[in-house]
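Shown here: my_file-v9.txt, compact mmCIF, C-alpha atoms.
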# COMPACT_ATOMS: atom_id res chain seq x y z
CA THR A 1 -47.01 63.41 -22.19
CA HIS A 2 -47.47 59.65 -22.61
CA GLU A 3 -49.07 57.16 -20.29
CA ALA A 4 -46.46 55.23 -18.27
CA ILE A 5 -45.71 51.69 -19.47
CA ILE A 6 -45.44 50.48 -15.86
CA SER A 7 -46.72 52.02 -12.68
CA GLN A 8 -44.47 53.90 -10.26
CA ASP A 9 -45.09 51.20 -7.66
CA GLU A 10 -43.87 48.45 -10.00
CA PHE A 11 -40.84 50.55 -10.97
CA ASP A 12 -39.88 51.01 -7.29
CA LYS A 13 -40.21 47.27 -6.61
CA VAL A 14 -37.92 46.46 -9.54
CA GLN A 15 -35.32 48.98 -8.34
CA ASN A 16 -35.40 47.52 -4.82
CA LEU A 17 -34.99 44.00 -6.20
CA MET A 18 -32.01 45.05 -8.33
CA ALA A 19 -30.41 46.76 -5.34
CA LYS A 20 -30.81 43.60 -3.23
CA ARG A 21 -29.24 41.50 -5.97
CA ARG A 22 -26.25 43.83 -6.17
CA LEU A 23 -25.86 43.65 -2.39
CA ASN A 24 -26.08 39.83 -2.37
CA SER A 25 -23.58 39.64 -5.21
CA LYS A 26 -21.16 41.77 -3.22
CA LYS A 27 -21.67 39.65 -0.09
CA SER A 28 -21.02 36.41 -1.94
CA GLU A 29 -17.72 37.59 -3.43
CA ILE A 30 -15.00 35.08 -2.69
CA TYR A 31 -11.48 36.12 -1.67
CA PRO A 32 -8.38 33.92 -1.30
CA LEU A 33 -8.71 34.03 2.50
CA SER A 34 -12.49 33.47 2.60
CA GLN A 35 -13.48 30.71 5.07
CA LYS A 36 -9.79 29.99 5.72
CA ILE A 37 -9.10 31.97 8.91
CA VAL A 38 -10.20 30.78 12.35
CA CYS A 39 -10.01 32.60 15.68
CA GLY A 40 -7.77 30.83 18.18
CA GLU A 41 -9.67 32.38 21.09
CA CYS A 42 -13.34 31.73 20.32
CA GLY A 43 -13.18 29.39 17.31
CA HIS A 44 -15.26 31.53 14.94
CA LYS A 45 -14.33 32.31 11.33
CA PHE A 46 -12.83 35.64 10.31
CA ARG A 47 -14.54 38.06 7.92
CA ARG A 48 -13.10 40.63 5.55
CA ILE A 49 -13.50 44.33 6.36
CA GLU A 50 -12.36 47.39 4.43
CA TYR A 51 -11.78 50.76 6.09
CA ARG A 52 -10.05 53.79 4.57
CA ASN A 53 -8.65 51.69 1.74
CA ARG A 54 -7.14 49.22 4.23
CA VAL A 55 -8.25 45.61 4.13
CA SER A 56 -8.21 43.53 7.31
CA TRP A 57 -9.66 40.25 8.55
CA VAL A 58 -11.47 40.20 11.87
CA CYS A 59 -13.07 37.55 14.07
CA ARG A 60 -16.84 37.68 13.64
CA THR A 61 -17.35 37.52 17.40
CA HIS A 62 -14.97 40.43 18.02
CA HIS A 63 -16.57 42.40 15.20
CA ASN A 64 -20.02 41.99 16.76
CA ASN A 65 -18.88 42.61 20.34
CA SER A 66 -15.23 43.07 21.31
CA LYS A 67 -16.02 42.06 24.91
CA ASP A 68 -16.78 38.50 23.76
CA CYS A 69 -13.44 38.05 21.96
CA SER A 70 -10.27 40.10 22.41
CA LEU A 71 -8.49 39.28 19.12
CA LYS A 72 -8.16 42.43 17.06
CA PRO A 73 -8.29 42.66 13.25
CA VAL A 74 -5.31 41.39 11.27
CA PRO A 75 -4.20 43.40 8.21
CA GLU A 76 -4.56 41.34 5.06
CA TYR A 77 -1.06 42.15 3.80
CA THR A 78 0.50 40.61 6.96
CA ILE A 79 -1.24 37.30 6.22
CA TYR A 80 -0.07 37.34 2.60
CA GLU A 81 3.50 38.16 3.62
CA ALA A 82 3.50 35.45 6.29
CA PHE A 83 2.42 32.90 3.68
CA ILE A 84 5.21 34.02 1.33
CA ARG A 85 7.77 33.62 4.13
CA LEU A 86 6.38 30.19 5.01
CA PHE A 87 6.45 28.96 1.42
CA ASN A 88 10.01 30.11 0.85
CA LYS A 89 11.13 28.37 4.06
CA LEU A 90 9.43 25.16 2.90
CA LYS A 91 10.99 25.54 -0.54
CA ILE A 92 14.49 25.79 0.92
CA ASN A 93 14.02 23.08 3.58
CA CYS A 94 11.60 20.71 1.84
CA LYS A 95 14.03 17.79 1.73
CA VAL A 96 14.88 18.29 5.39
CA ILE A 97 11.38 18.91 6.79
CA LEU A 98 8.78 17.21 4.58
CA THR A 99 10.50 14.45 2.60
CA PRO A 100 11.59 12.44 5.71
CA VAL A 101 7.98 12.49 6.93
CA ILE A 102 6.97 10.52 3.82
CA GLY A 103 9.42 7.74 4.74
CA GLN A 104 8.14 7.60 8.31
CA LEU A 105 4.54 7.47 7.14
CA GLU A 106 5.28 4.68 4.68
CA LYS A 107 6.79 2.62 7.52
CA LEU A 108 3.72 3.36 9.63
CA SER A 109 1.44 2.34 6.76
CA ALA A 110 3.26 -1.01 6.44
CA THR A 111 2.88 -1.57 10.19
CA GLN A 112 -0.82 -0.74 10.03
CA LYS A 113 -1.34 -3.21 7.20
CA ILE A 114 0.19 -5.93 9.39
CA GLY A 115 -2.02 -4.72 12.23
CA ASN A 116 -5.07 -5.00 9.99
CA GLN A 117 -4.25 -8.64 9.26
CA GLN A 118 -3.96 -9.29 12.98
CA ALA A 119 -7.26 -7.51 13.53
CA MET A 120 -8.99 -9.79 11.02
CA SER A 121 -7.62 -12.85 12.81
CA ILE A 122 -8.78 -11.52 16.21
CA GLN A 123 -12.23 -10.70 14.85
CA SER A 124 -12.49 -14.27 13.58
CA GLU A 125 -11.63 -15.60 17.06
CA ILE A 126 -14.22 -13.28 18.64
CA ALA A 127 -16.88 -14.53 16.24
CA SER A 128 -16.00 -18.13 17.15
CA LEU A 129 -16.25 -17.43 20.90
CA ARG A 130 -19.61 -15.72 20.47
CA SER A 131 -20.84 -18.76 18.57
CA GLN A 132 -19.72 -20.93 21.50
CA GLN A 133 -21.61 -18.64 23.88
CA TYR A 134 -24.75 -19.09 21.81
CA GLN A 135 -24.39 -22.88 21.77
CA LEU A 136 -23.87 -22.96 25.54
CA SER A 137 -26.98 -20.85 26.03
CA ARG A 138 -29.05 -23.21 23.89
CA LEU A 139 -27.77 -26.29 25.77
CA ASN A 140 -28.50 -24.66 29.11
CA THR A 141 -31.97 -23.51 28.07
CA SER A 142 -32.86 -27.01 26.83
CA GLY A 143 -31.71 -28.56 30.12
CA ILE A 144 -28.83 -30.51 28.63
CA LEU A 145 -26.15 -28.37 30.34
CA ALA A 146 -26.31 -27.84 34.10
CA ASP A 147 -26.38 -24.28 35.44
CA ASP A 148 -23.09 -24.51 37.35
CA ILE A 149 -21.19 -25.83 34.34
CA TYR A 150 -22.90 -23.24 32.08
CA ASN A 151 -21.93 -20.37 34.42
CA LEU A 152 -18.32 -21.58 34.70
CA GLN A 153 -17.83 -21.93 30.95
CA THR A 154 -19.60 -18.62 30.27
CA ARG A 155 -17.23 -16.78 32.64
CA GLU A 156 -14.25 -18.36 30.86
CA LEU A 157 -15.57 -17.27 27.47
CA ASP A 158 -16.29 -13.75 28.76
CA GLY A 159 -12.69 -13.45 29.96
CA LYS A 160 -11.31 -14.59 26.61
CA LEU A 161 -13.60 -12.18 24.76
CA GLN A 162 -12.48 -9.23 26.86
CA ARG A 163 -8.81 -10.04 26.28
CA LEU A 164 -9.40 -10.30 22.53
CA LYS A 165 -11.30 -7.00 22.47
CA ASN A 166 -8.42 -5.25 24.25
CA GLU A 167 -5.96 -6.80 21.80
CA LEU A 168 -8.13 -5.71 18.86
CA MET A 169 -8.09 -2.11 20.08
CA SER A 170 -4.29 -2.14 20.31
CA VAL A 171 -3.73 -3.29 16.70
CA SER A 172 -6.55 -1.41 14.99
CA SER A 173 -5.97 2.06 13.55
CA THR A 174 -8.53 4.60 12.35
CA ASP A 175 -5.90 6.83 10.67
CA ASP A 176 -6.01 6.71 6.90
CA THR A 177 -2.25 6.96 6.50
CA ASP A 178 -2.25 6.22 2.78
CA ILE A 179 -4.46 9.25 2.07
CA PHE A 180 -2.18 11.36 4.25
CA ILE A 181 0.83 10.16 2.25
CA ASP A 182 -0.90 11.04 -1.03
CA LYS A 183 -1.72 14.55 0.19
CA LEU A 184 1.78 15.15 1.49
CA SER A 185 3.35 13.81 -1.72
CA PHE A 186 1.23 16.20 -3.78
CA LEU A 187 2.16 19.06 -1.45
CA ILE A 188 5.87 18.33 -1.89
CA SER A 189 5.49 18.16 -5.68
CA VAL A 190 3.80 21.60 -5.68
CA ILE A 191 6.50 23.15 -3.49
CA GLU A 192 9.32 21.67 -5.56
CA SER A 193 7.78 22.76 -8.87
CA GLU A 194 7.23 26.41 -7.87
CA PRO A 195 9.99 29.05 -7.69
CA MET A 196 10.73 31.18 -4.63
CA GLN A 197 7.87 33.64 -4.13
CA THR A 198 8.14 37.43 -4.07
CA GLY A 199 4.40 38.18 -4.22
CA PHE A 200 1.19 36.56 -3.07
CA ASN A 201 -0.01 33.78 -5.41
CA PRO A 202 -3.69 32.93 -4.73
CA ALA A 203 -3.61 29.66 -6.72
CA LEU A 204 -0.51 28.45 -4.86
CA PHE A 205 -2.05 29.46 -1.54
CA GLU A 206 -5.18 27.41 -2.31
CA GLN A 207 -3.13 24.33 -3.21
CA ILE A 208 -1.07 24.44 -0.03
CA ILE A 209 -3.09 25.95 2.82
CA GLU A 210 -6.13 24.28 4.38
CA GLN A 211 -6.67 26.66 7.32
CA ILE A 212 -5.09 29.53 9.25
CA THR A 213 -5.57 30.00 12.98
CA VAL A 214 -4.88 33.38 14.55
CA THR A 215 -3.56 32.58 18.02
CA GLU A 216 -4.00 34.58 21.21
CA ASN A 217 -0.32 35.60 20.86
CA TYR A 218 -1.13 37.08 17.46
CA GLU A 219 0.71 34.42 15.51
CA LEU A 220 -0.57 32.73 12.36
CA ARG A 221 -0.72 28.95 12.55
CA PHE A 222 -0.86 27.62 8.98
CA ARG A 223 -2.31 24.13 8.55
CA LEU A 224 -1.21 22.61 5.27
CA HIS A 225 -3.29 20.12 3.29
CA GLY A 226 -2.45 16.85 4.99
CA GLY A 227 -2.52 18.27 8.52
CA ILE A 228 1.05 19.49 9.12
CA GLU A 229 1.14 22.90 10.85
CA PHE A 230 3.68 25.74 10.89
CA THR A 231 3.59 29.05 12.73
CA GLU A 232 4.60 32.48 11.42
CA GLN A 233 4.71 35.80 13.25
CA ILE A 234 2.43 38.68 12.27
CA ILE A 235 4.72 41.51 11.19
CA THR A 236 3.17 44.95 10.74
CA LYS A 237 4.80 47.96 9.14
CA LYS A 238 4.34 51.57 10.10
CA GLY A 239 2.26 53.60 7.70
CA ARG A 240 0.47 50.61 6.24
In structure tokens, what does this structure look like?
Amino acid sequence: THEAIISQDEFDKVQNLMAKRRLNSKKSEIYPLSQKIVCGECGHKFRRIEYRNRVSWVCRTHHNNSKDCSLKPVPEYTIYEAFIRLFNKLKINCKVILTPVIGQLEKLSATQKIGNQQAMSIQSEIASLRSQQYQLSRLNTSGILADDIYNLQTRELDGKLQRLKNELMSVSSTDDTDIFIDKLSFLISVIESEPMQTGFNPALFEQIIEQITVTENYELRFRLHGGIEFTEQIITKKGR
């Protein structure tokens, strides 16, 4: 009996906007495995799907067209259980598997530091030879140094420079070993501080796992923070 406060058209627009926001909110929901799983066949990320109250993760390529990627969906519970098995193995064997790696890396870091000192010395020699090349060029251009002598000395300098460049490549390292050691040390401290696991712990998973690759043999290759990788089998159970 009263005049409408807003028109029907405005009401419909508001309802559509609210529906879109609910949909976007659902799409943006983050799960423990979100952005963590990679297809070993095509390289694309996995997405979460739910069907008949069963949650699985599937390669986006396979989900769009199974002809482009043959890897089938992986039940979520198998990934969780594989992580639990992996953690408990690491917990039991930490001192055998991970702790010795720290010692090896520390030795490598010491070697690299020596290599860096050598690299600085070689770079200084290279800079000196390039300065000599420049001086020779100036003397030749001004007519003070004859062409034959200039060419001979330039060839000698070029040979020395090439040898130094090769030597520099052999002692230089781009690996940031110290950061790797820090990551691995933190990883070991987390493993040692946590008890054996009987259920999936999302916070523990986030602290330990950087990425999971589903291989073409349907194995899960877990890459830990720091780069070390371990493989676990996918074990499915009937009726689940």
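Here atom CA of Ile84 of chain A is placed at a distance of 14.3 Å from atom CA of Val190 of chain A.
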For Tyr51 of chain A: contacts at 12 Å, only C-alpha atoms, fewer than 4 positions along chain excluded, given as a compact mmCIF listing (two decimals) with C-alpha atoms, in the frame of the given file:
# COMPACT_ATOMS: atom_id res chain seq x y z
CA VAL A 55 -8.25 45.61 4.13
CA SER A 56 -8.21 43.53 7.31
CA TRP A 57 -9.66 40.25 8.55
CA PRO A 73 -8.29 42.66 13.25
CA PRO A 75 -4.20 43.40 8.21
CA GLU A 76 -4.56 41.34 5.06
- Message: Give me the residues near Lys160 of chain A as a ChimeraX atom specification, where near means some atom within 9 Å (using all atoms listed in the file) and where sequence neighbours in that chain fewer than 5 positions away do not count.
- Response: /A:126,129,155,165
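Proximity ranking of A:Gly40, A:Gln211, A:Ser193, A:Leu164 relative to Gln118 of chain A places A:Leu164 first, based on all atoms listed in the file.
Taking atom CA of Asp68 of chain A as the reference point, atom CA of Arg223 of chain A is found at 25.4 Å.
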